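Text of the file run-v7.txt, holding compact mmCIF, C-alpha atoms:
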```txt
# COMPACT_ATOMS: atom_id res chain seq x y z
CA MET A 178 16.50 8.38 -34.69
CA PRO A 179 13.58 9.47 -32.41
CA PHE A 180 14.97 7.19 -29.67
CA ILE A 181 18.42 8.76 -29.94
CA SER A 182 16.86 12.23 -29.95
CA ASN A 183 14.88 11.42 -26.81
CA GLN A 184 17.99 10.10 -25.06
CA LEU A 185 19.98 13.20 -25.99
CA GLY A 186 17.14 15.37 -24.76
CA TRP A 187 17.13 13.47 -21.48
CA LEU A 188 20.89 13.93 -21.10
CA LYS A 189 20.55 17.65 -21.78
CA SER A 190 17.68 18.14 -19.37
CA GLY A 191 18.79 15.81 -16.53
CA LEU A 192 20.44 17.71 -13.68
CA PHE A 193 22.42 14.60 -12.69
CA TRP A 194 24.01 14.33 -16.13
CA ARG A 195 24.60 18.06 -16.37
CA THR A 196 26.43 17.98 -13.04
CA PHE A 197 28.34 14.83 -14.00
CA PHE A 198 29.51 16.15 -17.38
CA LEU A 199 30.44 19.52 -15.87
CA LEU A 200 32.54 17.81 -13.18
CA ALA A 201 34.02 15.41 -15.76
CA PHE A 202 34.98 18.31 -18.03
CA LEU A 203 36.56 20.26 -15.18
CA ILE A 204 38.47 17.20 -13.95
CA ALA A 205 39.70 16.28 -17.44
CA ALA A 206 40.73 19.86 -18.15
CA SER A 207 42.52 20.05 -14.78
CA ILE A 208 44.41 16.80 -15.43
CA LEU A 209 45.48 17.92 -18.91
CA ALA A 210 46.57 21.32 -17.60
CA TRP A 211 48.49 19.69 -14.76
CA VAL A 212 50.25 17.23 -17.07
CA ALA A 213 51.14 19.97 -19.56
CA SER A 214 52.38 22.29 -16.80
CA PHE A 215 54.37 19.52 -15.13
CA ARG A 216 56.08 18.50 -18.36
CA VAL A 217 57.02 22.10 -19.09
CA VAL A 218 58.27 22.79 -15.58
CA GLU A 219 60.19 19.54 -15.18
CA ARG A 220 61.74 19.65 -18.68
CA GLU A 221 64.84 21.60 -17.61
CA PRO A 222 65.61 19.56 -14.45
CA ARG A 223 65.00 16.30 -16.29
CA ALA A 224 67.28 17.35 -19.15
CA GLN A 225 70.01 18.28 -16.66
CA GLN A 226 69.61 14.93 -14.88
CA MET A 227 69.82 12.94 -18.11
CA ALA A 228 72.74 15.03 -19.36
CA ALA A 229 74.61 14.41 -16.11
CA GLN A 230 73.94 10.69 -16.48
CA VAL A 231 75.22 10.66 -20.10
CA ILE A 232 78.29 12.75 -19.18
CA SER A 233 79.06 10.45 -16.28
CA ILE A 234 78.73 7.29 -18.38
CA VAL A 235 80.85 8.69 -21.23
CA THR A 236 83.54 10.01 -18.87
CA ILE A 237 83.81 6.76 -16.90
CA THR A 238 83.74 4.60 -20.03
CA ARG A 239 86.42 6.71 -21.72
CA ALA A 240 88.60 6.62 -18.63
CA ALA A 241 88.19 2.85 -18.31
CA LEU A 242 89.12 2.27 -21.94
CA THR A 243 92.03 4.71 -21.78
CA HIS A 244 93.64 3.21 -18.69
CA SER A 245 92.92 -0.45 -19.35
CA ALA A 246 95.51 -2.77 -20.83
CA PRO A 247 95.04 -3.35 -24.58
CA ASP A 248 94.55 -7.09 -24.10
CA MET A 249 91.84 -6.47 -21.51
CA ARG A 250 89.74 -4.01 -23.53
CA ARG A 251 87.70 -6.72 -25.31
CA GLU A 252 86.71 -8.24 -21.96
CA LEU A 253 85.94 -4.76 -20.61
CA LEU A 254 83.69 -3.97 -23.59
CA PHE A 255 81.88 -7.27 -23.07
CA ASP A 256 81.28 -6.52 -19.41
CA LEU A 257 79.98 -3.03 -20.21
CA ALA A 258 77.58 -4.42 -22.79
CA SER A 259 76.28 -7.34 -20.72
CA ASN A 260 76.11 -5.70 -17.28
CA GLU A 261 75.55 -2.00 -17.95
CA GLY A 262 73.90 -2.01 -21.38
CA ILE A 263 76.70 0.20 -22.73
CA ARG A 264 78.07 -0.62 -26.17
CA ILE A 265 81.07 0.97 -27.82
CA TYR A 266 81.53 1.14 -31.62
CA PRO A 267 84.12 2.86 -33.75
CA LEU A 268 82.71 5.91 -35.53
CA GLU A 269 83.10 5.51 -39.28
CA ALA A 270 82.58 8.12 -41.95
CA THR A 271 80.28 5.70 -43.78
CA ASP A 272 77.90 5.30 -40.84
CA VAL A 273 74.23 5.92 -41.70
CA VAL A 274 73.12 8.28 -38.97
CA GLU A 275 69.58 9.40 -38.09
CA PRO A 276 69.08 12.27 -35.65
CA PRO A 277 67.37 11.59 -32.32
CA ALA A 278 63.66 12.23 -31.96
CA ASP A 279 62.77 15.77 -30.91
CA THR A 280 61.06 15.22 -27.56
CA GLY A 281 61.47 18.76 -26.26
CA VAL A 282 64.11 17.59 -23.81
CA MET A 283 66.71 16.62 -26.39
CA PRO A 284 67.89 20.15 -27.37
CA VAL A 285 68.47 21.04 -23.71
CA LEU A 286 70.24 17.69 -23.08
CA GLU A 287 72.50 18.15 -26.13
CA ALA A 288 73.45 21.65 -25.02
CA TYR A 289 74.48 20.45 -21.56
CA VAL A 290 76.44 17.46 -22.92
CA LYS A 291 78.28 19.54 -25.52
CA ALA A 292 79.19 22.06 -22.85
CA ARG A 293 81.01 19.33 -20.91
CA LEU A 294 82.24 16.93 -23.60
CA GLY A 295 82.98 19.44 -26.36
CA GLY A 296 81.15 21.07 -29.17
CA SER A 297 82.09 18.35 -31.64
CA THR A 298 80.02 15.74 -29.76
CA LYS A 299 77.51 14.07 -32.06
CA PHE A 300 74.11 12.57 -31.21
CA ALA A 301 72.01 10.04 -33.08
CA GLY A 302 68.80 8.12 -32.67
CA SER A 303 69.91 5.37 -35.01
CA VAL A 304 73.25 4.34 -36.52
CA ASN A 305 73.29 1.83 -39.33
CA ASP A 306 69.62 1.00 -38.58
CA VAL A 307 70.41 0.17 -34.95
CA ALA A 308 68.12 2.21 -32.70
CA GLY A 309 69.19 3.64 -29.36
CA PHE A 310 70.70 6.75 -27.84
CA TRP A 311 74.03 7.33 -29.55
CA VAL A 312 76.62 9.84 -28.39
CA SER A 313 80.19 10.25 -29.74
CA PHE A 314 83.39 10.77 -27.75
CA MET A 315 87.10 10.97 -28.48
CA ILE A 316 89.99 8.84 -27.22
CA GLU A 317 93.14 10.58 -28.38
CA GLU A 318 92.64 10.90 -32.15
CA ASP A 319 90.04 8.15 -32.53
CA GLU A 320 86.27 8.80 -32.39
CA TYR A 321 83.79 6.27 -31.02
CA TRP A 322 80.05 5.81 -30.58
CA LEU A 323 78.63 5.03 -27.18
CA ARG A 324 75.15 3.47 -27.44
CA LEU A 325 72.62 3.39 -24.59
CA ASP A 326 69.15 1.90 -24.52
CA ARG A 327 66.50 4.53 -25.14
CA GLU A 328 64.68 3.69 -21.90
CA ARG A 329 67.63 4.99 -19.85
CA ILE A 330 67.41 8.38 -21.51
CA GLU A 331 63.77 8.92 -22.46
CA GLY A 332 62.41 8.41 -18.94
CA VAL A 333 58.60 8.29 -18.82
CA SER A 334 57.15 7.57 -22.26
CA GLY A 335 54.03 9.11 -23.74
CA ILE A 336 52.19 5.80 -23.42
CA GLN A 337 52.98 5.70 -19.71
CA TRP A 338 51.72 9.25 -19.31
CA LEU A 339 48.57 8.27 -21.19
CA GLY A 340 48.07 5.23 -18.96
CA TRP A 341 48.52 7.22 -15.78
CA GLY A 342 46.27 9.99 -17.04
CA THR A 343 43.56 7.52 -18.08
CA THR A 344 43.65 5.79 -14.71
CA THR A 345 43.46 9.12 -12.88
CA LEU A 346 40.61 10.27 -15.12
CA LEU A 347 38.60 7.09 -14.57
CA LEU A 348 39.00 7.36 -10.80
CA SER A 349 38.03 11.03 -11.01
CA LEU A 350 34.94 10.19 -13.08
CA LEU A 351 33.88 7.65 -10.47
CA GLY A 352 34.23 10.41 -7.92
CA ALA A 353 32.19 12.72 -10.18
CA VAL A 354 29.40 10.12 -10.34
CA PHE A 355 29.39 9.86 -6.55
CA ILE A 356 29.40 13.65 -6.10
CA SER A 357 26.65 14.15 -8.73
CA ARG A 358 24.50 11.50 -7.10
CA LEU A 359 25.12 12.98 -3.66
CA ILE A 360 24.10 16.43 -4.88
CA ASN A 361 21.10 15.40 -7.00
CA GLN A 362 19.60 12.55 -4.99
CA PRO A 363 17.84 14.84 -2.46
CA LEU A 364 16.49 16.96 -5.31
CA ALA A 365 15.30 13.87 -7.22
CA ARG A 366 13.62 12.57 -4.07
CA LEU A 367 11.92 15.94 -3.59
CA THR A 368 10.79 15.99 -7.23
CA THR A 369 9.25 12.50 -6.91
CA ALA A 370 7.41 13.51 -3.75
CA THR A 371 6.16 16.72 -5.41
CA ARG A 372 4.79 14.74 -8.36
CA ALA A 373 3.01 12.42 -5.94
CA VAL A 374 1.36 15.40 -4.23
CA ALA A 375 0.36 16.82 -7.62
CA LYS A 376 -1.38 13.52 -8.43
CA GLY A 377 -3.28 13.57 -5.15
CA ARG A 378 -1.22 10.90 -3.40
CA MET A 379 0.34 11.07 0.04
CA PRO A 380 4.14 10.65 -0.31
CA ASP A 381 6.34 9.19 2.40
CA PRO A 382 8.00 11.86 4.58
CA LEU A 383 11.34 13.01 3.20
CA PRO A 384 14.37 12.23 5.40
CA GLU A 385 15.40 15.28 7.42
CA ARG A 386 19.12 14.59 7.47
CA GLY A 387 22.22 15.71 5.65
CA PRO A 388 23.37 19.30 5.04
CA THR A 389 21.47 22.15 6.64
CA GLU A 390 19.90 23.27 3.36
CA ILE A 391 18.61 19.76 2.58
CA ARG A 392 17.25 19.28 6.10
CA GLU A 393 15.45 22.61 5.99
CA ALA A 394 14.01 22.00 2.49
CA ASN A 395 12.78 18.49 3.34
CA GLY A 396 11.41 19.65 6.69
CA SER A 397 9.52 22.49 5.01
CA PHE A 398 8.15 20.13 2.38
CA ASN A 399 7.00 17.60 5.00
CA GLN A 400 5.29 20.40 6.92
CA MET A 401 3.63 21.62 3.72
CA VAL A 402 2.29 18.14 2.92
CA ALA A 403 0.96 17.78 6.46
CA ASP A 404 -0.73 21.20 6.22
CA LEU A 405 -2.25 20.35 2.84
CA ASN A 406 -3.64 17.08 4.16
CA ARG A 407 -5.08 18.84 7.19
CA VAL A 408 -6.63 21.54 5.01
CA GLU A 409 -8.04 18.88 2.65
CA SER A 410 -9.48 16.94 5.57
CA ASP A 411 -10.95 20.07 7.14
CA ARG A 412 -12.45 21.16 3.82
CA ALA A 413 -14.03 17.75 3.26
CA VAL A 414 -15.49 17.75 6.78
CA ILE A 415 -16.81 21.30 6.44
CA LEU A 416 -18.39 20.70 3.02
CA ALA A 417 -19.88 17.39 4.09
CA GLY A 418 -21.21 18.92 7.32
CA ILE A 419 -22.72 21.91 5.55
CA SER A 420 -24.25 19.73 2.84
CA HIS A 421 -25.68 17.32 5.42
CA ASP A 422 -27.11 20.12 7.54
CA LEU A 423 -28.70 21.80 4.51
CA ARG A 424 -30.46 18.68 3.25
CA THR A 425 -32.54 18.35 6.41
CA PRO A 426 -34.34 21.70 5.98
CA LEU A 427 -34.55 21.08 2.24
CA ALA A 428 -36.39 17.84 2.83
CA ARG A 429 -38.73 19.64 5.23
CA MET A 430 -39.30 22.42 2.69
CA GLN A 431 -40.04 19.84 0.01
CA LEU A 432 -42.68 18.27 2.23
CA GLU A 433 -44.21 21.66 3.04
CA VAL A 434 -44.41 22.53 -0.67
CA GLU A 435 -46.23 19.28 -1.36
CA MET A 436 -48.75 19.94 1.41
CA ALA A 437 -49.21 23.66 0.83
CA GLN A 438 -52.18 25.05 -1.06
CA LEU A 439 -50.27 26.39 -4.06
CA SER A 440 -50.96 26.69 -7.73
CA ASP A 441 -49.37 24.12 -9.99
CA GLU A 442 -47.08 26.73 -11.52
CA ALA A 443 -45.85 27.94 -8.12
CA ARG A 444 -45.40 24.37 -6.85
CA LEU A 445 -43.39 23.35 -9.92
CA GLY A 446 -41.19 26.43 -9.63
CA MET A 447 -40.43 25.82 -5.96
CA GLN A 448 -39.81 22.13 -6.56
CA SER A 449 -37.41 23.04 -9.36
CA ASP A 450 -35.52 25.44 -7.07
CA LEU A 451 -35.31 22.83 -4.32
CA ALA A 452 -34.09 20.19 -6.80
CA GLN A 453 -31.44 22.60 -8.03
CA MET A 454 -30.28 23.28 -4.47
CA ASP A 455 -30.15 19.55 -3.79
CA ALA A 456 -28.07 19.03 -6.93
CA ILE A 457 -25.64 21.74 -5.83
CA ILE A 458 -25.31 20.10 -2.43
CA GLY A 459 -24.66 16.80 -4.21
CA GLN A 460 -21.83 18.46 -6.13
CA PHE A 461 -20.34 19.69 -2.86
CA LEU A 462 -20.42 16.17 -1.47
CA GLU A 463 -18.92 14.70 -4.64
CA TYR A 464 -16.11 17.25 -4.76
CA ALA A 465 -15.32 16.70 -1.09
CA LYS A 466 -15.36 12.93 -1.45
CA PRO A 467 -11.90 11.40 -0.84
CA SER A 468 -10.26 9.12 -3.38
CA ASP A 469 -11.56 5.54 -3.29
CA THR A 470 -8.73 3.19 -4.28
CA ALA A 471 -10.15 0.06 -2.61
CA ASN A 472 -12.46 -0.72 -5.53
CA ALA A 473 -9.92 -0.06 -8.29
CA ALA A 474 -9.84 -2.75 -10.96
CA SER A 475 -9.64 -3.19 -14.71
CA VAL A 476 -12.61 -1.39 -16.28
CA ASN A 477 -13.96 -2.10 -19.75
CA LEU A 478 -14.17 1.47 -20.98
CA THR A 479 -15.83 0.39 -24.23
CA ALA A 480 -18.79 -1.21 -22.42
CA LEU A 481 -19.04 1.72 -20.01
CA LEU A 482 -19.22 4.24 -22.87
CA ASP A 483 -21.79 2.13 -24.72
CA GLU A 484 -23.97 2.09 -21.62
CA CYS A 485 -23.68 5.85 -21.04
CA THR A 486 -24.41 6.71 -24.68
CA HIS A 487 -27.41 4.39 -24.69
CA GLU A 488 -28.83 6.09 -21.60
CA ALA A 489 -28.20 9.59 -22.97
CA SER A 490 -29.71 8.81 -26.38
CA ARG A 491 -33.12 8.37 -24.70
CA LEU A 492 -33.27 12.09 -23.95
CA ALA A 493 -35.33 14.09 -26.40
CA ASP A 494 -32.93 17.02 -26.68
CA VAL A 495 -29.81 14.93 -27.34
CA GLN A 496 -28.33 13.45 -30.51
CA ILE A 497 -25.24 11.31 -30.02
CA HIS A 498 -22.75 10.19 -32.64
CA SER A 499 -20.20 7.72 -31.26
CA GLU A 500 -17.02 6.07 -32.56
CA ILE A 501 -15.82 3.78 -29.79
CA ALA A 502 -12.97 1.32 -30.23
CA LYS A 503 -13.44 -2.23 -29.00
CA ASP A 504 -11.80 -3.81 -25.97
CA VAL A 505 -10.44 -0.63 -24.40
CA ASN A 506 -9.60 -1.35 -20.76
CA VAL A 507 -8.31 1.07 -18.13
CA PHE A 508 -7.46 0.58 -14.47
CA GLY A 509 -9.61 2.47 -12.01
CA ASN A 510 -12.99 2.77 -10.35
CA ALA A 511 -15.91 1.96 -12.63
CA THR A 512 -18.37 4.12 -10.66
CA GLU A 513 -16.13 7.19 -10.81
CA LEU A 514 -15.37 6.71 -14.52
CA LYS A 515 -19.08 6.41 -15.28
CA ARG A 516 -19.68 9.61 -13.32
CA VAL A 517 -17.05 11.35 -15.45
CA VAL A 518 -18.74 10.36 -18.71
CA ALA A 519 -22.22 11.14 -17.37
CA ASN A 520 -21.10 14.58 -16.13
CA LEU A 521 -19.50 15.44 -19.47
CA ILE A 522 -22.56 14.32 -21.44
CA GLU A 523 -24.83 16.29 -19.10
CA ASN A 524 -22.55 19.32 -19.40
CA ALA A 525 -22.76 19.10 -23.20
CA ARG A 526 -26.56 18.60 -23.04
CA ARG A 527 -27.07 21.67 -20.89
CA TYR A 528 -24.64 24.11 -22.42
CA GLY A 529 -23.84 22.74 -25.87
CA LYS A 530 -27.18 22.96 -27.64
CA THR A 531 -27.07 24.10 -31.24
CA PRO A 532 -28.55 27.62 -31.26
CA ASP A 533 -30.90 27.10 -34.21
CA THR A 534 -32.36 23.71 -33.19
CA GLY A 535 -32.12 23.66 -29.40
CA ILE A 536 -30.75 20.11 -29.62
CA ALA A 537 -27.38 19.05 -28.22
CA ARG A 538 -25.43 17.15 -30.86
CA ILE A 539 -22.70 15.29 -28.98
CA ASP A 540 -19.77 13.47 -30.59
CA ILE A 541 -18.18 10.72 -28.48
CA ALA A 542 -14.97 9.04 -29.65
CA CYS A 543 -12.65 6.59 -27.92
CA LYS A 544 -9.45 5.12 -29.34
CA LEU A 545 -6.10 3.70 -28.33
CA GLN A 546 -2.90 5.70 -28.72
CA GLY A 547 0.12 3.73 -27.57
CA ASN A 548 -0.37 2.88 -23.90
CA ASN A 549 -3.19 5.39 -23.44
CA ALA A 550 -6.93 5.35 -23.98
CA VAL A 551 -8.08 8.67 -25.46
CA LEU A 552 -11.69 9.78 -24.91
CA GLU A 553 -13.12 12.83 -26.68
CA ILE A 554 -16.54 14.36 -26.03
CA ALA A 555 -17.49 17.38 -28.14
CA ASP A 556 -20.66 19.43 -28.59
CA HIS A 557 -21.70 21.92 -31.27
CA GLY A 558 -22.83 24.80 -29.09
CA THR A 559 -21.41 28.27 -28.73
CA GLY A 560 -18.15 27.21 -27.07
CA VAL A 561 -16.17 29.46 -24.75
CA PRO A 562 -13.62 32.23 -25.32
CA ASP A 563 -10.11 30.85 -25.63
CA SER A 564 -8.94 33.08 -22.79
CA GLU A 565 -11.50 31.50 -20.43
CA ILE A 566 -10.93 27.80 -21.19
CA GLU A 567 -8.43 27.25 -18.38
CA ARG A 568 -10.82 28.76 -15.84
CA LEU A 569 -13.46 26.10 -16.53
CA LEU A 570 -11.49 23.52 -14.51
CA ARG A 571 -11.32 25.69 -11.41
CA PRO A 572 -13.76 24.91 -8.61
CA PHE A 573 -16.78 27.25 -8.29
CA THR A 574 -16.10 28.79 -11.70
CA ARG A 575 -19.10 29.71 -13.86
CA LEU A 576 -18.91 31.28 -17.30
CA ASP A 577 -22.49 32.44 -17.73
CA THR A 578 -21.85 34.54 -20.81
CA ALA A 579 -19.85 31.85 -22.58
CA ARG A 580 -21.94 28.74 -22.00
CA GLY A 581 -25.31 30.18 -21.01
CA GLN A 582 -24.75 28.68 -17.55
CA ALA A 583 -27.30 29.92 -15.08
CA ASN A 584 -27.43 27.00 -12.68
CA GLY A 585 -24.99 24.92 -10.63
CA ALA A 586 -22.07 25.65 -8.36
CA GLY A 587 -19.38 25.43 -11.02
CA LEU A 588 -18.04 22.10 -9.76
CA GLY A 589 -18.95 19.78 -12.65
CA LEU A 590 -15.71 20.01 -14.66
CA ALA A 591 -13.63 20.40 -11.48
CA ILE A 592 -15.02 17.06 -10.26
CA VAL A 593 -14.26 15.47 -13.63
CA ASP A 594 -10.69 16.81 -13.59
CA ARG A 595 -10.19 15.55 -10.04
CA ILE A 596 -11.36 12.03 -10.92
CA VAL A 597 -9.23 11.94 -14.07
CA LYS A 598 -6.13 12.87 -12.07
CA ARG A 599 -6.89 10.07 -9.60
CA HIS A 600 -6.70 7.71 -12.58
CA HIS A 601 -3.27 9.09 -13.63
CA GLY A 602 -4.86 10.76 -16.64
CA THR A 603 -4.94 14.22 -18.18
CA LEU A 604 -7.86 16.40 -19.23
CA LYS A 605 -7.66 19.07 -21.90
CA LEU A 606 -10.30 21.56 -23.03
CA SER A 607 -10.42 23.21 -26.42
CA ASN A 608 -12.95 24.77 -28.75
CA ASN A 609 -14.39 22.47 -31.38
CA PRO A 610 -13.42 23.65 -34.90
CA GLY A 611 -17.07 23.27 -35.90
CA GLY A 612 -18.29 25.22 -32.87
CA GLY A 613 -18.77 24.13 -29.29
CA LEU A 614 -16.46 22.68 -26.64
CA ARG A 615 -14.21 19.63 -27.02
CA ILE A 616 -13.01 17.71 -23.95
CA ARG A 617 -10.14 15.28 -24.39
CA ILE A 618 -9.21 12.76 -21.69
CA SER A 619 -6.14 10.52 -21.85
CA MET A 620 -5.68 7.66 -19.36
CA PRO A 621 -3.24 4.73 -19.20
CA ILE A 622 -4.71 1.42 -20.31
CA THR A 623 -4.68 -1.60 -18.02
CA GLY A 624 -1.13 -2.69 -17.32
CA ALA A 625 0.49 0.51 -18.59
CA LEU A 626 1.29 1.73 -15.08
CA GLY A 627 3.37 -1.40 -14.48
```

Would you kindly transcribe this structure into structure tokens?
Amino acid sequence: MPFISNQLGWLKSGLFWRTFFLLAFLIAASILAWVASFRVVEREPRAQQMAAQVISIVTITRAALTHSAPDMRRELLFDLASNEGIRIYPLEATDVVEPPADTGVMPVLEAYVKARLGGSTKFAGSVNDVAGFWVSFMIEEDEYWLRLDRERIEGVSGIQWLGWGTTTLLLSLLGAVFISRLINQPLARLTTATRAVAKGRMPDPLPERGPTEIREANGSFNQMVADLNRVESDRAVILAGISHDLRTPLARMQLEVEMAQLSDEARLGMQSDLAQMDAIIGQFLEYAKPSDTANAASVNLTALLDECTHEASRLADVQIHSEIAKDVNVFGNATELKRVVANLIENARRYGKTPDTGIARIDIACKLQGNNAVLEIADHGTGVPDSEIERLLRPFTRLDTARGQANGAGLGLAIVDRIVKRHHGTLKLSNNPGGGLRIRISMPITGALG
């Protein structure tokens, strides 16, 4: 049942299928309306045509029988039956007669025939269990039945109409598929390219051909991608240049502090400030660093987490509780993934200390959910206001009142989010029910990207 529900949801949400079913409905409704209108409009002319045919056959047959020699009538009746499909029978009072089927045309046909052959003319769909189109006529005082095959009178049957309508509908549906694909293919191509840009990848340029609207939309999108890449490149160059230029005077200042005649307290304070500035510059460089896909490979996330938790447990102000599943492997860059875990643990150590103890209690959990590896890192600090959670992932965002953050450039979580997106993952922030911040990362396991 979930599979069927998902498929129905896809059909409801897919623009291609919406367009296809709308066109299919309009075509089917048009065909049905056309057939119904045609049958109503052509009923009168068809009835007149069939009535004229019946009147002609009856008149000619009666004249032939009337003027033929008595000894030649048997041969004449045989010729009419074998060559023309016309059979003549005497009308008896004991005949078992069934009325003709009411096809909508029959009342009009009967009215026309009676107007020419007389009001006493009888019609039957079966006489003595012999089916056909039966019409009576008089020769002097004797009354006879003239029987014709139904096909000569009924014309196009309902089954034939159904066959023609089905063929037309199938051809129309094929046309609807082609039209829907023609309309939605440029939009689907644009959607795929947009998703690639959202994931930090460079999509192939969209073809600038077709209708004017498509050409203009694809051209604008290609220009936007080119502008974004240029802005990204310029930003990386600017940040890297600024960071590089700042580290030279910082190194000189560090040397001067070491050589200056300062008190220990003053020296430690200045060294701390310089270290903080160097760390901020390092964040700039890390945030500006382009994606490194050359070293992507299968990474044992279990071993990586064990290593990071072991290193963090050596710190005096950290207590780590871990529940890490075995043999969890993801595809990516081991160095970047380790930086993600280290940044999150450091973030929890700095801003997630329990108020009464001053120790950061950090819970680390990793498990498999379907084709994804789910990593959760939570602290037991003061947390952040729910209205400010989304802002934590923005570059250069600092929530001093919420997390007691007094240092840094506000790039830590932005760097983590950027790396997670490079690995086709998602990052979600929420407040821990027991207090503090919970960070949940979901990434495809090795082989899940196919």

Legend entry - For A:Glu488, the nearest of the candidates A:Ala241, A:Ala456, A:Val518, A:Leu606, counting only C-alpha atoms: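 Smallest distance to A:Glu488 is found for A:Val518.
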
Closest atom pairs, residues of stretch 512-550 of chain A within 9 Å of stretch 607-618 of chain A, all atoms listed in the file, as a Markdown table:
```
| residue | atom | partner | partner_atom | distance |
| --- | --- | --- | --- | --- |
| A:Leu521 | CA | A:Ile616 | CA | 8.2 |
| A:Ala525 | CA | A:Leu614 | CA | 8.0 |
| A:Gly529 | CA | A:Gly613 | CA | 6.3 |
| A:Lys530 | CA | A:Gly613 | CA | 8.6 |
| A:Thr531 | CA | A:Gly613 | CA | 8.5 |
| A:Ala550 | CA | A:Ile618 | CA | 8.1 |
```

Inset, instruction - Please identify all polymer residues within 10 Å of A:Thr623, counting all atoms listed in the file, omitting same-chain residues fewer than 3 positions from it, and present them as a PyMOL selection string. - result: chain A and resi 474-477+505-509+548-550+620+626-627

Would you save the residues from that selection as a PDB file, keeping the file's coordinate frame, using C-alpha atoms?
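Output file selection.pdb follows:
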```pdb
ATOM      1  CA  ALA A 474      -9.840  -2.750 -10.960  1.00  0.00           C
ATOM      2  CA  SER A 475      -9.640  -3.190 -14.710  1.00  0.00           C
ATOM      3  CA  VAL A 476     -12.610  -1.390 -16.280  1.00  0.00           C
ATOM      4  CA  ASN A 477     -13.960  -2.100 -19.750  1.00  0.00           C
ATOM      5  CA  VAL A 505     -10.440  -0.630 -24.400  1.00  0.00           C
ATOM      6  CA  ASN A 506      -9.600  -1.350 -20.760  1.00  0.00           C
ATOM      7  CA  VAL A 507      -8.310   1.070 -18.130  1.00  0.00           C
ATOM      8  CA  PHE A 508      -7.460   0.580 -14.470  1.00  0.00           C
ATOM      9  CA  GLY A 509      -9.610   2.470 -12.010  1.00  0.00           C
ATOM     10  CA  ASN A 548      -0.370   2.880 -23.900  1.00  0.00           C
ATOM     11  CA  ASN A 549      -3.190   5.390 -23.440  1.00  0.00           C
ATOM     12  CA  ALA A 550      -6.930   5.350 -23.980  1.00  0.00           C
ATOM     13  CA  MET A 620      -5.680   7.660 -19.360  1.00  0.00           C
ATOM     14  CA  LEU A 626       1.290   1.730 -15.080  1.00  0.00           C
ATOM     15  CA  GLY A 627       3.370  -1.400 -14.480  1.00  0.00           C
TER      16      GLY A 627
END
```

Inset, instruction - Write out as a PyMOL selection string the residues lying within 12 Å of A:Gly295, counting all atoms listed in the file and excluding same-chain residues fewer than 4 positions away. - result: chain A and resi 232+287-291+299+312-315

Under the rule of at most 8 Å, produce a per-residue listing of stretch 450-533 of chain A near stretch 421-431 of chain A: chain, number, name, the closest pair of atoms, and the distance in Å, as a Markdown table, using all atoms listed in the file.
```
| residue | atom | partner | partner_atom | distance |
| --- | --- | --- | --- | --- |
| A:Leu451 | CA | A:Leu427 | CA | 6.8 |
| A:Asp455 | CA | A:Arg424 | CA | 7.1 |
| A:Ile458 | CA | A:Arg424 | CA | 7.8 |
```

Legend entry - Given only C-alpha atoms as the counted atoms, nearest of A:Glu442, A:Glu435, A:Asp411, A:Asp504 to A:Ile622: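 Of A:Glu442, A:Glu435, A:Asp411, A:Asp504, the one nearest A:Ile622, counting only C-alpha atoms, is A:Asp504.
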
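Atom CA of A:Leu254 is positioned 29.1 Å from atom CA of A:Val282.
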
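Those residues positioned at most 12 Å from (-18.3, 5.8, -10.9) are A:Glu463, A:Ser468, A:Asp469, A:Thr470, A:Asn472, A:Ala473, A:Val476, A:Leu478, A:Leu481, A:Cys485, A:Gly509, A:Asn510, A:Ala511, A:Thr512, A:Glu513, A:Leu514, A:Lys515, A:Arg516, A:Val517, A:Val518, A:Ala519, A:Asn520, A:Ile592, A:Val593, A:Ile596, A:Val597, A:His600, judged using all atoms listed in the file.
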
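Interatomic distance, atom CA of A:Tyr266 against atom CA of A:Leu323: 6.6 Å.
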
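In this comparison, which uses only C-alpha atoms, the residue of A:Arg527, A:Arg599, A:Lys605, A:Arg358 approaching A:Pro621 most closely is A:Arg599.
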
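When only C-alpha atoms are used to measure the gap to A:Trp211, the shortest distance among A:Gly535, A:Pro284, A:Pro277, A:Gly342 belongs to A:Gly342.
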
Legend entry - For atom CA of A:Ile265 and atom CA of A:Thr280, the interatomic separation in Å (one decimal):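 One can read the atom CA of A:Ile265 to atom CA of A:Thr280 distance as 24.6 Å.
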